[in-house]
$ cat run37.cif   # mmCIF, C-alpha atoms
data_start
loop_
_atom_site.label_atom_id
_atom_site.label_comp_id
_atom_site.auth_asym_id
_atom_site.auth_seq_id
_atom_site.Cartn_x
_atom_site.Cartn_y
_atom_site.Cartn_z
CA MET A 4 16.98 -1.77 20.55
CA PRO A 5 17.27 -3.91 17.42
CA ARG A 6 20.42 -5.96 16.97
CA PHE A 7 21.82 -6.88 13.60
CA PHE A 8 23.79 -9.97 12.64
CA ALA A 9 25.12 -10.95 9.26
CA THR A 10 25.96 -14.45 8.11
CA LYS A 11 26.83 -15.93 4.79
CA ALA A 12 25.74 -19.37 3.63
CA ALA A 13 28.57 -21.77 2.81
CA GLY A 14 27.06 -22.37 -0.64
CA ARG A 15 24.21 -21.36 -2.91
CA ASP A 16 22.29 -24.61 -2.48
CA ALA A 17 19.18 -25.02 -0.33
CA ALA A 18 20.92 -27.20 2.29
CA SER A 19 23.72 -24.67 2.87
CA ILE A 20 21.25 -21.81 3.07
CA ALA A 21 18.97 -23.73 5.45
CA LYS A 22 21.93 -24.27 7.81
CA SER A 23 22.56 -20.51 7.87
CA LEU A 24 18.95 -19.59 8.75
CA ASP A 25 19.50 -19.20 12.49
CA VAL A 26 16.70 -17.36 14.29
CA ASP A 27 18.15 -17.44 17.83
CA GLY A 28 17.80 -13.94 19.28
CA CYS A 29 16.30 -12.76 16.01
CA ASP A 30 13.13 -10.66 15.67
CA LEU A 31 13.20 -10.48 11.86
CA LEU A 32 15.29 -12.47 9.43
CA LEU A 33 16.26 -10.99 6.04
CA THR A 34 17.91 -12.91 3.24
CA ILE A 35 19.36 -11.55 0.02
CA GLY A 36 19.55 -13.64 -3.14
CA GLY A 37 18.21 -17.02 -4.21
CA SER A 38 14.57 -15.97 -4.32
CA GLY A 39 13.65 -15.47 -7.96
CA VAL A 40 10.38 -16.50 -9.54
CA GLY A 41 11.33 -20.13 -10.29
CA ARG A 42 10.37 -23.27 -8.40
CA THR A 43 13.97 -24.19 -7.64
CA ASP A 44 15.02 -21.01 -5.88
CA ALA A 45 17.42 -22.11 -3.17
CA THR A 46 16.44 -19.59 -0.48
CA VAL A 47 12.74 -20.40 -0.83
CA LEU A 48 13.48 -24.14 -0.70
CA ALA A 49 15.63 -23.59 2.40
CA LEU A 50 12.84 -21.63 4.07
CA ALA A 51 10.41 -24.45 3.26
CA GLN A 52 12.82 -26.92 4.93
CA ARG A 53 13.15 -24.81 8.09
CA GLY A 54 9.74 -23.15 8.39
CA ASP A 55 6.75 -21.89 6.41
CA VAL A 56 6.70 -20.10 3.06
CA MET A 57 3.72 -17.76 3.28
CA ALA A 58 4.13 -16.12 -0.13
CA HIS A 59 6.60 -16.39 -2.99
CA GLY A 60 6.33 -14.62 -6.32
CA ILE A 61 4.67 -11.50 -4.99
CA ALA A 62 2.60 -9.37 -7.39
CA LEU A 63 5.02 -6.45 -7.13
CA GLN A 64 7.11 -4.92 -9.91
CA PRO A 65 9.97 -4.87 -9.25
CA GLY A 66 10.07 -7.37 -6.42
CA ARG A 67 8.23 -10.38 -7.87
CA GLY A 68 10.97 -12.75 -6.76
CA SER A 69 10.55 -11.84 -3.10
CA ALA A 70 9.21 -14.24 -0.52
CA VAL A 71 7.87 -13.98 3.01
CA GLY A 72 7.57 -16.67 5.61
CA ARG A 73 8.54 -17.60 9.13
CA ILE A 74 10.74 -19.96 11.03
CA GLY A 75 9.00 -20.68 14.30
CA LYS A 76 7.69 -17.30 15.40
CA THR A 77 10.35 -15.31 13.56
CA PRO A 78 9.21 -13.59 10.35
CA LEU A 79 11.46 -13.85 7.31
CA VAL A 80 11.63 -11.63 4.22
CA ALA A 81 13.63 -12.99 1.28
CA LEU A 82 14.92 -10.21 -0.95
CA SER A 83 16.08 -10.86 -4.48
CA GLY A 84 19.74 -10.29 -5.28
CA ALA A 85 18.90 -7.78 -8.04
CA PRO A 86 19.16 -4.22 -6.65
CA ASP A 87 15.82 -2.90 -7.97
CA GLN A 88 13.99 -6.04 -6.81
CA ALA A 89 15.64 -5.86 -3.39
CA PHE A 90 14.85 -2.16 -2.90
CA ALA A 91 11.19 -2.62 -3.84
CA ALA A 92 10.76 -5.56 -1.45
CA TRP A 93 12.66 -3.71 1.27
CA TRP A 94 10.35 -0.69 1.03
CA THR A 95 7.10 -2.64 0.81
CA LEU A 96 7.74 -5.75 2.94
CA ALA A 97 10.80 -5.55 5.17
CA LEU A 98 10.67 -1.93 6.34
CA PRO A 99 7.02 -2.09 7.48
CA ALA A 100 7.78 -5.34 9.35
CA LEU A 101 10.81 -3.78 11.01
CA ASP A 102 8.80 -0.67 11.93
CA ARG A 103 6.07 -2.77 13.49
CA LEU A 104 8.47 -4.97 15.42
CA SER A 105 10.31 -1.93 16.78
CA ALA A 106 7.07 -0.02 17.57
CA ARG A 107 8.30 2.83 15.38
CA ARG A 108 5.96 5.72 14.85
CA PRO A 109 4.56 6.15 11.33
CA ARG A 110 7.06 7.63 8.92
CA GLU A 111 6.62 11.19 7.75
CA THR A 112 5.01 11.65 4.37
CA LEU A 113 4.94 14.62 2.05
CA ASN A 114 1.73 14.90 0.06
CA LEU A 115 2.20 16.75 -3.20
CA PRO A 116 0.29 16.47 -6.45
CA LEU A 117 1.72 14.23 -9.15
CA ALA A 118 2.98 15.97 -12.28
CA ARG A 119 1.38 13.22 -14.43
CA LYS A 120 -0.74 10.08 -14.13
CA ILE A 121 0.86 6.83 -13.01
CA ALA A 122 -0.83 3.55 -13.97
CA SER A 123 -0.07 -0.03 -12.98
CA HIS A 124 -0.77 -3.27 -14.80
CA VAL A 125 -3.66 -5.59 -14.02
CA GLY A 126 -2.76 -7.90 -11.14
CA LEU A 127 0.58 -6.25 -10.42
CA ALA A 128 1.37 -3.44 -7.99
CA GLU A 129 4.21 -1.27 -9.22
CA ILE A 130 6.77 0.87 -7.48
CA ALA A 131 7.18 4.42 -8.76
CA LEU A 132 10.21 6.52 -7.88
CA LEU A 133 9.59 10.22 -7.46
CA GLU A 134 11.54 13.47 -7.43
CA ARG A 135 10.21 16.79 -6.13
CA LYS A 136 10.08 19.63 -8.67
CA GLN A 137 8.15 22.90 -8.43
CA GLY A 138 5.75 21.65 -5.77
CA THR A 139 4.89 18.37 -7.51
CA TRP A 140 6.15 14.80 -7.56
CA VAL A 141 7.74 14.01 -10.93
CA THR A 142 7.98 10.35 -11.91
CA LEU A 143 11.54 9.11 -12.43
CA ALA A 144 10.67 5.45 -13.07
CA VAL A 145 7.78 3.00 -12.72
CA GLY A 146 8.18 -0.77 -12.45
CA GLU A 147 11.70 -0.99 -13.88
CA LEU A 148 14.06 0.90 -11.59
CA SER A 149 17.53 1.81 -12.80
CA LEU A 150 20.29 2.43 -10.28
CA GLN A 151 20.39 6.04 -11.49
CA ALA A 152 16.67 6.49 -10.73
CA ILE A 153 17.08 4.84 -7.32
CA ALA A 154 19.95 7.23 -6.50
CA ARG A 155 17.98 10.32 -7.61
CA ALA A 156 14.67 9.40 -5.98
CA GLU A 157 13.40 11.46 -3.08
CA ALA A 158 10.33 9.30 -2.52
CA TRP A 159 8.60 6.14 -3.67
CA LEU A 160 5.00 5.20 -4.20
CA ALA A 161 3.35 1.80 -4.44
CA VAL A 162 0.70 1.95 -7.17
CA PRO A 163 -1.91 -0.76 -6.48
CA ALA A 164 -2.65 -3.31 -9.22
CA ALA A 165 -4.80 -2.04 -12.11
CA ARG A 166 -4.98 1.48 -10.70
CA ARG A 167 -4.31 4.87 -12.13
CA ILE A 168 -3.22 7.59 -9.76
CA CYS A 169 -3.79 11.07 -11.09
CA GLY A 170 -1.97 14.27 -10.28
CA GLY A 171 -3.55 17.39 -8.91
CA ARG A 172 -2.60 19.70 -11.76
CA GLY A 173 -4.46 18.56 -14.81
CA GLY A 174 -3.36 14.93 -14.32
#
$ encode --input "run37.cif" --output "structure tokens"
Amino acid sequence: MPRFFATKAAGRDAASIAKSLDVDGCDLLLTIGGSGVGRTDATVLALAQRGDVMAHGIALQPGRGSAVGRIGKTPLVALSGAPDQAFAAWWTLALPALDRLSARRPRETLNLPLARKIASHVGLAEIALLERKQGTWVTLAVGELSLQAIARAEAWLAVPAARRICGGRGG
């Protein structure tokens, strides 16, 4: 059974954050904040001090400021402090890691046609939020996710970079 602990760094600087990155008894470490797309992001610097940064500045919109790494054998996912960025990284990075670590069975999916095409940019996967209407998935938002769209969404879809996903009804 997974156990959850929460700690808060004493400050927003890399040294304070590094001190708070305790992996004892931890199967997966999640951080929130301090992981934007700059080179001086405190959480990413702290991870580099304590372990290995495997990826930072992920080609995901929203979620570009996310980072993944490990301290010893413990995987770490750094989520941005912005809600849309954090949700996107949670869905695409943290939740699959948690599922794998807990040997969770695959999540249920509901395959419906899309009401319209969804396209992503070259080199950037994008998160689309969906709502079910009349037997189709209707797009609420792509790439830029408002809190209202996040609250209304019934499902999400990761659209791979430079792809267009077409609906089943004339899409």
$ closest_residue --input "run37.cif" --among "A:Pro65, A:Ser123, A:Leu150, A:Val141" --to "Val162 in chain A" --atoms "only C-alpha atoms"
A:Ser123
$ closest_residue --input "run37.cif" --among "A:Ser149, A:Gln52, A:Ser38, A:Thr43" --to "Ala21 in chain A" --atoms "only C-alpha atoms"
A:Gln52
$ closest_residue --input "run37.cif" --among "A:Gly146, A:Gly41, A:Gly72, A:Gly60" --to "Ala161 in chain A" --atoms "all atoms listed in the file"
A:Gly146
$ residues_around --input "run37.cif" --residues "Gly39 in chain A" --least-positions-apart "6" --cutoff "7 Å" --atoms "only C-alpha atoms" --output "list of chain:residue names"
A:Gly68, A:Ser69, A:Ser83
$ resolve_selection --input "run37.cif" --expression "the PyMOL selection byres ((chain A and resi 124) around 6)" --output "mmCIF file with C-alpha atoms, keeping the file's coordinate frame"
data_model
loop_
_atom_site.group_PDB
_atom_site.id
_atom_site.type_symbol
_atom_site.label_atom_id
_atom_site.label_comp_id
_atom_site.auth_asym_id
_atom_site.auth_seq_id
_atom_site.Cartn_x
_atom_site.Cartn_y
_atom_site.Cartn_z
ATOM 1 C CA SER A 123 -0.070 -0.030 -12.980
ATOM 2 C CA VAL A 125 -3.660 -5.590 -14.020
ATOM 3 C CA LEU A 127 0.580 -6.250 -10.420
ATOM 4 C CA ALA A 164 -2.650 -3.310 -9.220
ATOM 5 C CA ALA A 165 -4.800 -2.040 -12.110
#
$ residues_around --input "run37.cif" --residues "Thr112 in chain A" --least-positions-apart "5" --cutoff "12 Å" --atoms "all atoms listed in the file" --output "PyMOL selection string"
chain A and resi 157-160
$ resolve_selection --input "run37.cif" --expression "the PyMOL selection byres ((chain A and resi 54-56) around 12)" --output "count of residues only"
31
$ residues_around --input "run37.cif" --residues "Val145 in chain A" --least-positions-apart "3" --cutoff "9 Å" --atoms "all atoms listed in the file" --output "list in words"
Gln64, Pro65, Ile121, Ala122, Ser123, Glu129, Ile130, Ala131, Leu132, Thr142 and Leu148 of chain A
$ write_last_selection --input "run37.cif" --atoms "C-alpha atoms" --output "mmCIF file, keeping the file's coordinate frame"
data_model
loop_
_atom_site.group_PDB
_atom_site.id
_atom_site.type_symbol
_atom_site.label_atom_id
_atom_site.label_comp_id
_atom_site.auth_asym_id
_atom_site.auth_seq_id
_atom_site.Cartn_x
_atom_site.Cartn_y
_atom_site.Cartn_z
ATOM 1 C CA GLN A 64 7.110 -4.920 -9.910
ATOM 2 C CA PRO A 65 9.970 -4.870 -9.250
ATOM 3 C CA ILE A 121 0.860 6.830 -13.010
ATOM 4 C CA ALA A 122 -0.830 3.550 -13.970
ATOM 5 C CA SER A 123 -0.070 -0.030 -12.980
ATOM 6 C CA GLU A 129 4.210 -1.270 -9.220
ATOM 7 C CA ILE A 130 6.770 0.870 -7.480
ATOM 8 C CA ALA A 131 7.180 4.420 -8.760
ATOM 9 C CA LEU A 132 10.210 6.520 -7.880
ATOM 10 C CA THR A 142 7.980 10.350 -11.910
ATOM 11 C CA LEU A 148 14.060 0.900 -11.590
#
$ residues_around --input "run37.cif" --residues "Thr139 in chain A" --least-positions-apart "3" --cutoff "8 Å" --atoms "only C-alpha atoms" --output "ChimeraX atom specification"
/A:115-118,135-136
$ resolve_selection --input "run37.cif" --expression "the PyMOL selection byres ((chain A and resi 91) around 8)" --output "count of residues only"
13
$ residues_around --input "run37.cif" --residues "Lys11 in chain A" --least-positions-apart "5" --cutoff "10 Å" --atoms "only C-alpha atoms" --output "NGL selection string"
:A and (19-20 or 23-24 or 34-35)
$ atom_distance --input "run37.cif" --atom1 "CA of Glu134 in chain A" --atom2 "CA of Ala156 in chain A"
5.3 Å
$ build_atoms --input "run37.cif" --residues "range 146-159 of chain A" --atoms "N, CA and C atoms" --output "compact mmCIF listing (two decimals), in the frame of the given file"
# COMPACT_ATOMS: atom_id res chain seq x y z
N GLY A 146 8.05 0.65 -12.16
CA GLY A 146 8.18 -0.77 -12.45
C GLY A 146 9.60 -1.25 -12.70
N GLU A 147 10.30 -0.65 -13.60
CA GLU A 147 11.70 -0.99 -13.88
C GLU A 147 12.55 0.14 -13.32
N LEU A 148 13.33 -0.14 -12.30
CA LEU A 148 14.06 0.90 -11.59
C LEU A 148 15.56 0.81 -11.86
N SER A 149 16.09 1.78 -12.56
CA SER A 149 17.53 1.81 -12.80
C SER A 149 18.24 2.27 -11.53
N LEU A 150 19.51 1.96 -11.43
CA LEU A 150 20.29 2.43 -10.28
C LEU A 150 20.34 3.96 -10.25
N GLN A 151 20.39 4.58 -11.42
CA GLN A 151 20.39 6.04 -11.49
C GLN A 151 19.09 6.61 -10.92
N ALA A 152 17.95 6.02 -11.27
CA ALA A 152 16.67 6.49 -10.73
C ALA A 152 16.59 6.26 -9.22
N ILE A 153 17.08 5.12 -8.76
CA ILE A 153 17.08 4.84 -7.32
C ILE A 153 17.91 5.89 -6.58
N ALA A 154 19.07 6.24 -7.13
CA ALA A 154 19.95 7.23 -6.50
C ALA A 154 19.32 8.62 -6.48
N ARG A 155 18.58 8.98 -7.51
CA ARG A 155 17.98 10.32 -7.61
C ARG A 155 16.68 10.46 -6.84
N ALA A 156 16.01 9.36 -6.57
CA ALA A 156 14.67 9.40 -5.98
C ALA A 156 14.66 10.04 -4.60
N GLU A 157 13.64 10.85 -4.39
CA GLU A 157 13.40 11.46 -3.08
C GLU A 157 12.26 10.76 -2.35
N ALA A 158 11.47 9.99 -3.11
CA ALA A 158 10.33 9.30 -2.52
C ALA A 158 9.95 8.14 -3.43
N TRP A 159 9.13 7.25 -2.88
CA TRP A 159 8.60 6.14 -3.67
C TRP A 159 7.12 6.01 -3.38
